[in-house]
Amino acid sequence: MKIGWAITGSFCTFAKAFEVLEYIKNKYGDVIPIMSENASSISTRFGAADEMKARMEDICGRRVINTIADAEPIGPKKLLDLLVIAPCTGNTLGKLANGITDTAVTMAAKAHLRNGRPVLIAVSTNDGLSASGKNIGLLQNRKNYFFVPYGQDDPVGKETSLVADFRMIPAAIEATMEGRQLQPMLTK
């Protein structure tokens, strides 16, 4: 199975994403790394951009796709069986829900979906129970979109924040490839 692994700018979850990505690479072998332009170019307190990009390339053994032009052939060439977006920010959720294709990740999704193939989303957003809630709902009701189970990561400190349980990505991949949403969808 050929998997695309896309990362968007939820920088605080990169370490968890890379840990699961290593497992997925070892299990499935062929993983194409994709990063949004922001994820691949902004350094934060969680790490330098060039180090994060290098880490992803090291895990996958290939160059990161981080431009719209490089992501576009994913569809016509049918490069993927599954696209995982982990982490997926509220910004990217909004773009996917509204058909906006202005990053490497949204282009990868658009190109991949044209082949009727699944996209698995691991949400990570501080406004999942507010502004991004609508977009999560829209995508949950669209064909070929699946979600890694998610829940509130800090209900007291960040009342509207939602984060996928990254440990559930392998099981979510299996369910997605069977055409079903992994349940329960909400974690504690």
# chains A, B, ... in the order shown; residues from 1 in each chain; ligands from 1
>>> select_by_dssp(residues="stretch 53-150 of chain A", states="helix (DSSP H, G or I)", output="ChimeraX atom specification")
/A:53-60,68-74,90-97,104-113,133-140
>>> select_by_dssp(residues="stretch 5-185 of chain A", states="strand (DSSP E)", output="MDAnalysis selection string")
chainID A and resid 5:7 31:35 82:88 119:125 145:147 150:151 162:164
>>> write_last_selection(atoms="N, CA, C and O atoms", output="short mmCIF file (atom, residue, chain, number, x, y, z; two decimals), in the first residue's frame")
data_model
loop_
_atom_site.label_atom_id
_atom_site.label_comp_id
_atom_site.auth_asym_id
_atom_site.auth_seq_id
_atom_site.Cartn_x
_atom_site.Cartn_y
_atom_site.Cartn_z
N TRP A 5 1.80 10.90 3.64
CA TRP A 5 1.67 11.42 5.00
C TRP A 5 1.90 12.92 4.93
O TRP A 5 3.01 13.37 4.66
N ALA A 6 0.85 13.67 5.17
CA ALA A 6 0.92 15.12 5.09
C ALA A 6 0.89 15.74 6.49
O ALA A 6 0.14 15.30 7.35
N ILE A 7 1.74 16.74 6.69
CA ILE A 7 1.82 17.45 7.96
C ILE A 7 1.50 18.91 7.73
O ILE A 7 2.05 19.54 6.82
N VAL A 31 6.12 5.36 1.94
CA VAL A 31 5.39 6.53 2.43
C VAL A 31 5.95 7.78 1.76
O VAL A 31 7.15 8.02 1.78
N ILE A 32 5.05 8.55 1.16
CA ILE A 32 5.44 9.79 0.50
C ILE A 32 5.21 10.94 1.48
O ILE A 32 4.07 11.16 1.91
N PRO A 33 6.27 11.68 1.85
CA PRO A 33 6.13 12.78 2.80
C PRO A 33 5.67 14.07 2.13
O PRO A 33 6.18 14.46 1.09
N ILE A 34 4.69 14.72 2.77
CA ILE A 34 4.14 15.98 2.27
C ILE A 34 4.06 16.94 3.44
O ILE A 34 3.62 16.56 4.52
N MET A 35 4.47 18.18 3.23
CA MET A 35 4.36 19.20 4.27
C MET A 35 3.76 20.45 3.66
O MET A 35 4.08 20.82 2.53
N LEU A 82 -3.78 5.85 -0.01
CA LEU A 82 -4.34 6.55 1.15
C LEU A 82 -3.51 7.80 1.42
O LEU A 82 -2.28 7.76 1.33
N LEU A 83 -4.20 8.89 1.75
CA LEU A 83 -3.53 10.10 2.21
C LEU A 83 -3.90 10.32 3.67
O LEU A 83 -5.08 10.39 4.00
N VAL A 84 -2.89 10.40 4.52
CA VAL A 84 -3.07 10.70 5.94
C VAL A 84 -2.62 12.14 6.15
O VAL A 84 -1.51 12.51 5.74
N ILE A 85 -3.47 12.95 6.79
CA ILE A 85 -3.09 14.32 7.15
C ILE A 85 -3.00 14.35 8.66
O ILE A 85 -4.03 14.34 9.35
N ALA A 86 -1.77 14.32 9.17
CA ALA A 86 -1.55 14.19 10.62
C ALA A 86 -0.29 14.94 11.02
O ALA A 86 0.81 14.48 10.71
N PRO A 87 -0.42 16.08 11.65
CA PRO A 87 -1.63 16.73 12.14
C PRO A 87 -2.31 17.56 11.06
O PRO A 87 -1.68 18.02 10.12
N CYS A 88 -3.62 17.75 11.24
CA CYS A 88 -4.42 18.59 10.35
C CYS A 88 -4.96 19.76 11.17
O CYS A 88 -5.76 19.56 12.08
N VAL A 119 -9.03 9.83 2.37
CA VAL A 119 -8.19 10.76 3.13
C VAL A 119 -8.51 10.55 4.60
O VAL A 119 -9.68 10.59 5.00
N LEU A 120 -7.48 10.32 5.40
CA LEU A 120 -7.63 10.13 6.85
C LEU A 120 -7.08 11.35 7.55
O LEU A 120 -5.91 11.71 7.36
N ILE A 121 -7.91 11.99 8.38
CA ILE A 121 -7.55 13.23 9.04
C ILE A 121 -7.33 13.01 10.53
O ILE A 121 -8.19 12.45 11.21
N ALA A 122 -6.18 13.48 11.02
CA ALA A 122 -5.88 13.51 12.46
C ALA A 122 -5.93 14.98 12.88
O ALA A 122 -4.95 15.72 12.75
N VAL A 123 -7.10 15.40 13.34
CA VAL A 123 -7.33 16.80 13.66
C VAL A 123 -6.47 17.26 14.83
O VAL A 123 -6.19 16.50 15.76
N SER A 124 -6.02 18.51 14.76
CA SER A 124 -5.29 19.14 15.86
C SER A 124 -5.52 20.64 15.75
O SER A 124 -4.86 21.33 14.98
N THR A 125 -6.51 21.12 16.52
CA THR A 125 -6.88 22.52 16.41
C THR A 125 -7.43 23.05 17.72
O THR A 125 -8.17 22.36 18.41
N TYR A 145 -13.69 10.86 3.22
CA TYR A 145 -13.01 11.49 4.35
C TYR A 145 -13.27 10.66 5.60
O TYR A 145 -14.42 10.29 5.87
N PHE A 146 -12.21 10.37 6.32
CA PHE A 146 -12.28 9.61 7.56
C PHE A 146 -11.47 10.35 8.62
O PHE A 146 -10.56 11.11 8.28
N PHE A 147 -11.78 10.10 9.88
CA PHE A 147 -11.09 10.78 10.98
C PHE A 147 -10.47 9.79 11.95
O PHE A 147 -11.07 8.76 12.27
N TYR A 150 -10.80 11.48 18.07
CA TYR A 150 -10.25 12.69 18.70
C TYR A 150 -11.04 13.06 19.95
O TYR A 150 -12.14 12.56 20.17
N GLY A 151 -10.44 13.95 20.73
CA GLY A 151 -11.10 14.44 21.93
C GLY A 151 -10.46 15.72 22.40
O GLY A 151 -9.51 16.22 21.79
N LEU A 162 -9.39 20.45 20.15
CA LEU A 162 -9.53 19.03 19.84
C LEU A 162 -8.23 18.51 19.25
O LEU A 162 -7.61 19.18 18.42
N VAL A 163 -7.85 17.30 19.65
CA VAL A 163 -6.65 16.66 19.11
C VAL A 163 -6.94 15.17 18.92
O VAL A 163 -7.52 14.51 19.78
N ALA A 164 -6.53 14.66 17.76
CA ALA A 164 -6.65 13.24 17.48
C ALA A 164 -5.75 12.45 18.42
O ALA A 164 -4.71 12.93 18.86
#
>>> closest_residue(among="A:Pro170, A:Gly128, A:Gly90, A:Gly47", to="A:Glu22", atoms="only C-alpha atoms")
A:Pro170
>>> closest_residue(among="A:Ala111, A:Val156, A:Ala175, A:Ile136", to="A:Ile68", atoms="only C-alpha atoms")
A:Ala111
>>> closest_residue(among="A:Asp154, A:Glu37, A:Asp30, A:Asp50", to="A:Gly9", atoms="only C-alpha atoms")
A:Glu37
>>> closest_residue(among="A:Asn26, A:Ser36, A:Thr89, A:Asn126", to="A:Glu159", atoms="only C-alpha atoms")
A:Asn126
>>> atom_distance(atom1="atom CA of A:Ile74", atom2="atom CA of A:His112")
6.0 Å
>>> residues_around(residues="A:Lys143", least_positions_apart="5", cutoff="10 Å", atoms="only C-alpha atoms", output="PyMOL selection string")
chain A and resi 113+116-119+179
>>> write_last_selection(atoms="C-alpha atoms", output="PDB file, in the first residue's frame")
ATOM      1  CA  LEU A 113      -9.639  12.518  -4.011  1.00  0.00           C
ATOM      2  CA  GLY A 116     -12.039   8.242  -5.311  1.00  0.00           C
ATOM      3  CA  ARG A 117      -9.450   7.260  -2.718  1.00  0.00           C
ATOM      4  CA  PRO A 118      -9.593   7.939   1.028  1.00  0.00           C
ATOM      5  CA  VAL A 119      -8.190  10.763   3.128  1.00  0.00           C
ATOM      6  CA  GLY A 179     -14.096   1.845   3.917  1.00  0.00           C
TER       7      GLY A 179
END
>>> atom_distance(atom1="atom CA of A:Asn91", atom2="atom CA of A:Phe14")
16.4 Å
>>> residues_around(residues="A:Phe18", least_positions_apart="6", cutoff="12 Å", atoms="only C-alpha atoms", output="number ranges by chain")
A: 5-7, 11-12, 24-25, 33, 52-60, 86-87, 166-167, 169
>>> atom_distance(atom1="atom CA of A:Lys78", atom2="atom CA of A:Asn135")
26.6 Å
>>> residues_around(residues="A:Gly99", least_positions_apart="5", cutoff="9 Å", atoms="only C-alpha atoms", output="PDB file with N, CA, C and O atoms, in the first residue's frame")
ATOM      1  N   GLY A  94     -10.693  23.878   7.264  1.00  0.00           N
ATOM      2  CA  GLY A  94     -11.537  24.863   6.596  1.00  0.00           C
ATOM      3  C   GLY A  94     -11.316  24.879   5.098  1.00  0.00           C
ATOM      4  O   GLY A  94     -12.268  24.982   4.315  1.00  0.00           O
ATOM      5  N   THR A 106      -3.382  20.724   0.685  1.00  0.00           N
ATOM      6  CA  THR A 106      -4.733  20.755   0.106  1.00  0.00           C
ATOM      7  C   THR A 106      -4.710  20.304  -1.351  1.00  0.00           C
ATOM      8  O   THR A 106      -5.650  19.661  -1.816  1.00  0.00           O
ATOM      9  N   LYS A 110      -6.841  17.191  -2.847  1.00  0.00           N
ATOM     10  CA  LYS A 110      -7.685  17.365  -4.040  1.00  0.00           C
ATOM     11  C   LYS A 110      -7.285  16.389  -5.138  1.00  0.00           C
ATOM     12  O   LYS A 110      -8.130  15.719  -5.740  1.00  0.00           O
TER      13      LYS A 110
END
>>> closest_residue(among="A:Ser130, A:Gln181, A:Ser161, A:Asn38", to="A:Arg142", atoms="only C-alpha atoms")
A:Gln181
>>> residues_around(residues="A:Thr67", least_positions_apart="3", cutoff="10 Å", atoms="only C-alpha atoms", output="PDB file with all heavy atoms, in the first residue's frame")
ATOM      1  N   ILE A  34       4.694  14.720   2.775  1.00  0.00           N
ATOM      2  CA  ILE A  34       4.140  15.980   2.265  1.00  0.00           C
ATOM      3  C   ILE A  34       4.058  16.941   3.442  1.00  0.00           C
ATOM      4  O   ILE A  34       3.615  16.559   4.525  1.00  0.00           O
ATOM      5  CB  ILE A  34       2.735  15.757   1.664  1.00  0.00           C
ATOM      6  CG1 ILE A  34       2.765  14.657   0.587  1.00  0.00           C
ATOM      7  CG2 ILE A  34       2.160  17.061   1.114  1.00  0.00           C
ATOM      8  CD1 ILE A  34       1.421  14.037   0.278  1.00  0.00           C
ATOM      9  N   MET A  35       4.473  18.178   3.232  1.00  0.00           N
ATOM     10  CA  MET A  35       4.364  19.199   4.271  1.00  0.00           C
ATOM     11  C   MET A  35       3.758  20.451   3.665  1.00  0.00           C
ATOM     12  O   MET A  35       4.084  20.816   2.532  1.00  0.00           O
ATOM     13  CB  MET A  35       5.732  19.554   4.861  1.00  0.00           C
ATOM     14  CG  MET A  35       6.402  18.440   5.635  1.00  0.00           C
ATOM     15  SD  MET A  35       8.029  18.919   6.283  1.00  0.00           S
ATOM     16  CE  MET A  35       7.530  19.603   7.873  1.00  0.00           C
ATOM     17  N   SER A  36       2.895  21.099   4.434  1.00  0.00           N
ATOM     18  CA  SER A  36       2.409  22.403   3.984  1.00  0.00           C
ATOM     19  C   SER A  36       3.597  23.357   3.941  1.00  0.00           C
ATOM     20  O   SER A  36       4.634  23.116   4.585  1.00  0.00           O
ATOM     21  CB  SER A  36       1.323  22.937   4.917  1.00  0.00           C
ATOM     22  OG  SER A  36       1.866  23.288   6.179  1.00  0.00           O
ATOM     23  N   GLU A  37       3.445  24.416   3.202  1.00  0.00           N
ATOM     24  CA  GLU A  37       4.526  25.384   3.097  1.00  0.00           C
ATOM     25  C   GLU A  37       4.892  25.937   4.469  1.00  0.00           C
ATOM     26  O   GLU A  37       6.074  26.087   4.792  1.00  0.00           O
ATOM     27  CB  GLU A  37       4.123  26.511   2.139  1.00  0.00           C
ATOM     28  CG  GLU A  37       4.071  26.077   0.681  1.00  0.00           C
ATOM     29  CD  GLU A  37       2.807  25.303   0.263  1.00  0.00           C
ATOM     30  OE1 GLU A  37       2.017  24.852   1.122  1.00  0.00           O
ATOM     31  OE2 GLU A  37       2.627  25.125  -0.954  1.00  0.00           O
ATOM     32  N   SER A  40       6.822  23.367   6.629  1.00  0.00           N
ATOM     33  CA  SER A  40       8.196  23.120   6.184  1.00  0.00           C
ATOM     34  C   SER A  40       9.094  24.349   6.236  1.00  0.00           C
ATOM     35  O   SER A  40      10.290  24.251   5.985  1.00  0.00           O
ATOM     36  CB  SER A  40       8.198  22.554   4.759  1.00  0.00           C
ATOM     37  OG  SER A  40       7.759  23.510   3.829  1.00  0.00           O
ATOM     38  N   VAL A  64      10.649  15.589   0.689  1.00  0.00           N
ATOM     39  CA  VAL A  64       9.340  16.100   1.074  1.00  0.00           C
ATOM     40  C   VAL A  64       8.719  16.873  -0.093  1.00  0.00           C
ATOM     41  O   VAL A  64       9.394  17.686  -0.733  1.00  0.00           O
ATOM     42  CB  VAL A  64       9.453  17.020   2.315  1.00  0.00           C
ATOM     43  CG1 VAL A  64       8.212  17.891   2.494  1.00  0.00           C
ATOM     44  CG2 VAL A  64       9.703  16.214   3.573  1.00  0.00           C
ATOM     45  N   ASP A  70       4.476  20.394  -6.975  1.00  0.00           N
ATOM     46  CA  ASP A  70       4.971  19.033  -6.728  1.00  0.00           C
ATOM     47  C   ASP A  70       3.879  18.090  -6.237  1.00  0.00           C
ATOM     48  O   ASP A  70       3.990  16.870  -6.385  1.00  0.00           O
ATOM     49  CB  ASP A  70       6.129  19.062  -5.732  1.00  0.00           C
ATOM     50  CG  ASP A  70       7.403  19.635  -6.336  1.00  0.00           C
ATOM     51  OD1 ASP A  70       7.509  19.703  -7.583  1.00  0.00           O
ATOM     52  OD2 ASP A  70       8.299  20.032  -5.568  1.00  0.00           O
ATOM     53  N   ALA A  71       2.820  18.640  -5.617  1.00  0.00           N
ATOM     54  CA  ALA A  71       1.727  17.807  -5.106  1.00  0.00           C
ATOM     55  C   ALA A  71       0.704  17.451  -6.184  1.00  0.00           C
ATOM     56  O   ALA A  71       0.035  16.418  -6.088  1.00  0.00           O
ATOM     57  CB  ALA A  71       1.030  18.517  -3.949  1.00  0.00           C
ATOM     58  N   GLU A  72       0.576  18.265  -7.208  1.00  0.00           N
ATOM     59  CA  GLU A  72      -0.455  18.070  -8.231  1.00  0.00           C
ATOM     60  C   GLU A  72      -0.398  16.705  -8.920  1.00  0.00           C
ATOM     61  O   GLU A  72      -1.437  16.085  -9.145  1.00  0.00           O
ATOM     62  CB  GLU A  72      -0.372  19.213  -9.264  1.00  0.00           C
ATOM     63  CG  GLU A  72      -1.522  19.246 -10.247  1.00  0.00           C
ATOM     64  CD  GLU A  72      -1.308  18.335 -11.441  1.00  0.00           C
ATOM     65  OE1 GLU A  72      -0.135  18.074 -11.803  1.00  0.00           O
ATOM     66  OE2 GLU A  72      -2.309  17.861 -12.001  1.00  0.00           O
ATOM     67  N   ASP A 102      -4.756  25.840  -1.851  1.00  0.00           N
ATOM     68  CA  ASP A 102      -3.677  26.828  -1.923  1.00  0.00           C
ATOM     69  C   ASP A 102      -2.438  26.425  -1.135  1.00  0.00           C
ATOM     70  O   ASP A 102      -1.587  27.258  -0.851  1.00  0.00           O
ATOM     71  CB  ASP A 102      -4.184  28.205  -1.471  1.00  0.00           C
ATOM     72  CG  ASP A 102      -4.603  28.239  -0.022  1.00  0.00           C
ATOM     73  OD1 ASP A 102      -4.652  27.174   0.627  1.00  0.00           O
ATOM     74  OD2 ASP A 102      -4.894  29.343   0.475  1.00  0.00           O
ATOM     75  N   THR A 103      -2.321  25.145  -0.792  1.00  0.00           N
ATOM     76  CA  THR A 103      -1.108  24.637  -0.150  1.00  0.00           C
ATOM     77  C   THR A 103      -0.769  23.277  -0.767  1.00  0.00           C
ATOM     78  O   THR A 103      -1.609  22.668  -1.447  1.00  0.00           O
ATOM     79  CB  THR A 103      -1.289  24.444   1.381  1.00  0.00           C
ATOM     80  OG1 THR A 103      -2.172  23.333   1.612  1.00  0.00           O
ATOM     81  CG2 THR A 103      -1.809  25.692   2.061  1.00  0.00           C
ATOM     82  N   ALA A 104       0.417  22.805  -0.492  1.00  0.00           N
ATOM     83  CA  ALA A 104       0.806  21.478  -0.982  1.00  0.00           C
ATOM     84  C   ALA A 104      -0.120  20.398  -0.426  1.00  0.00           C
ATOM     85  O   ALA A 104      -0.472  19.446  -1.132  1.00  0.00           O
ATOM     86  CB  ALA A 104       2.260  21.190  -0.600  1.00  0.00           C
ATOM     87  N   VAL A 105      -0.540  20.548   0.829  1.00  0.00           N
ATOM     88  CA  VAL A 105      -1.389  19.532   1.458  1.00  0.00           C
ATOM     89  C   VAL A 105      -2.792  19.544   0.862  1.00  0.00           C
ATOM     90  O   VAL A 105      -3.351  18.486   0.555  1.00  0.00           O
ATOM     91  CB  VAL A 105      -1.421  19.710   2.990  1.00  0.00           C
ATOM     92  CG1 VAL A 105      -2.429  18.767   3.637  1.00  0.00           C
ATOM     93  CG2 VAL A 105      -0.023  19.469   3.574  1.00  0.00           C
ATOM     94  N   MET A 107      -3.643  20.597  -2.075  1.00  0.00           N
ATOM     95  CA  MET A 107      -3.515  20.099  -3.449  1.00  0.00           C
ATOM     96  C   MET A 107      -3.360  18.583  -3.445  1.00  0.00           C
ATOM     97  O   MET A 107      -3.959  17.886  -4.281  1.00  0.00           O
ATOM     98  CB  MET A 107      -2.332  20.743  -4.171  1.00  0.00           C
ATOM     99  CG  MET A 107      -2.076  20.156  -5.563  1.00  0.00           C
ATOM    100  SD  MET A 107      -3.509  20.172  -6.676  1.00  0.00           S
ATOM    101  CE  MET A 107      -3.433  21.848  -7.249  1.00  0.00           C
ATOM    102  N   ALA A 108      -2.569  18.044  -2.517  1.00  0.00           N
ATOM    103  CA  ALA A 108      -2.413  16.591  -2.427  1.00  0.00           C
ATOM    104  C   ALA A 108      -3.769  15.929  -2.186  1.00  0.00           C
ATOM    105  O   ALA A 108      -4.102  14.918  -2.820  1.00  0.00           O
ATOM    106  CB  ALA A 108      -1.428  16.230  -1.322  1.00  0.00           C
TER     107      ALA A 108
END
>>> closest_residue(among="A:Ala109, A:Ile100, A:Ser41, A:Thr92", to="A:Gly4", atoms="only C-alpha atoms")
A:Ala109
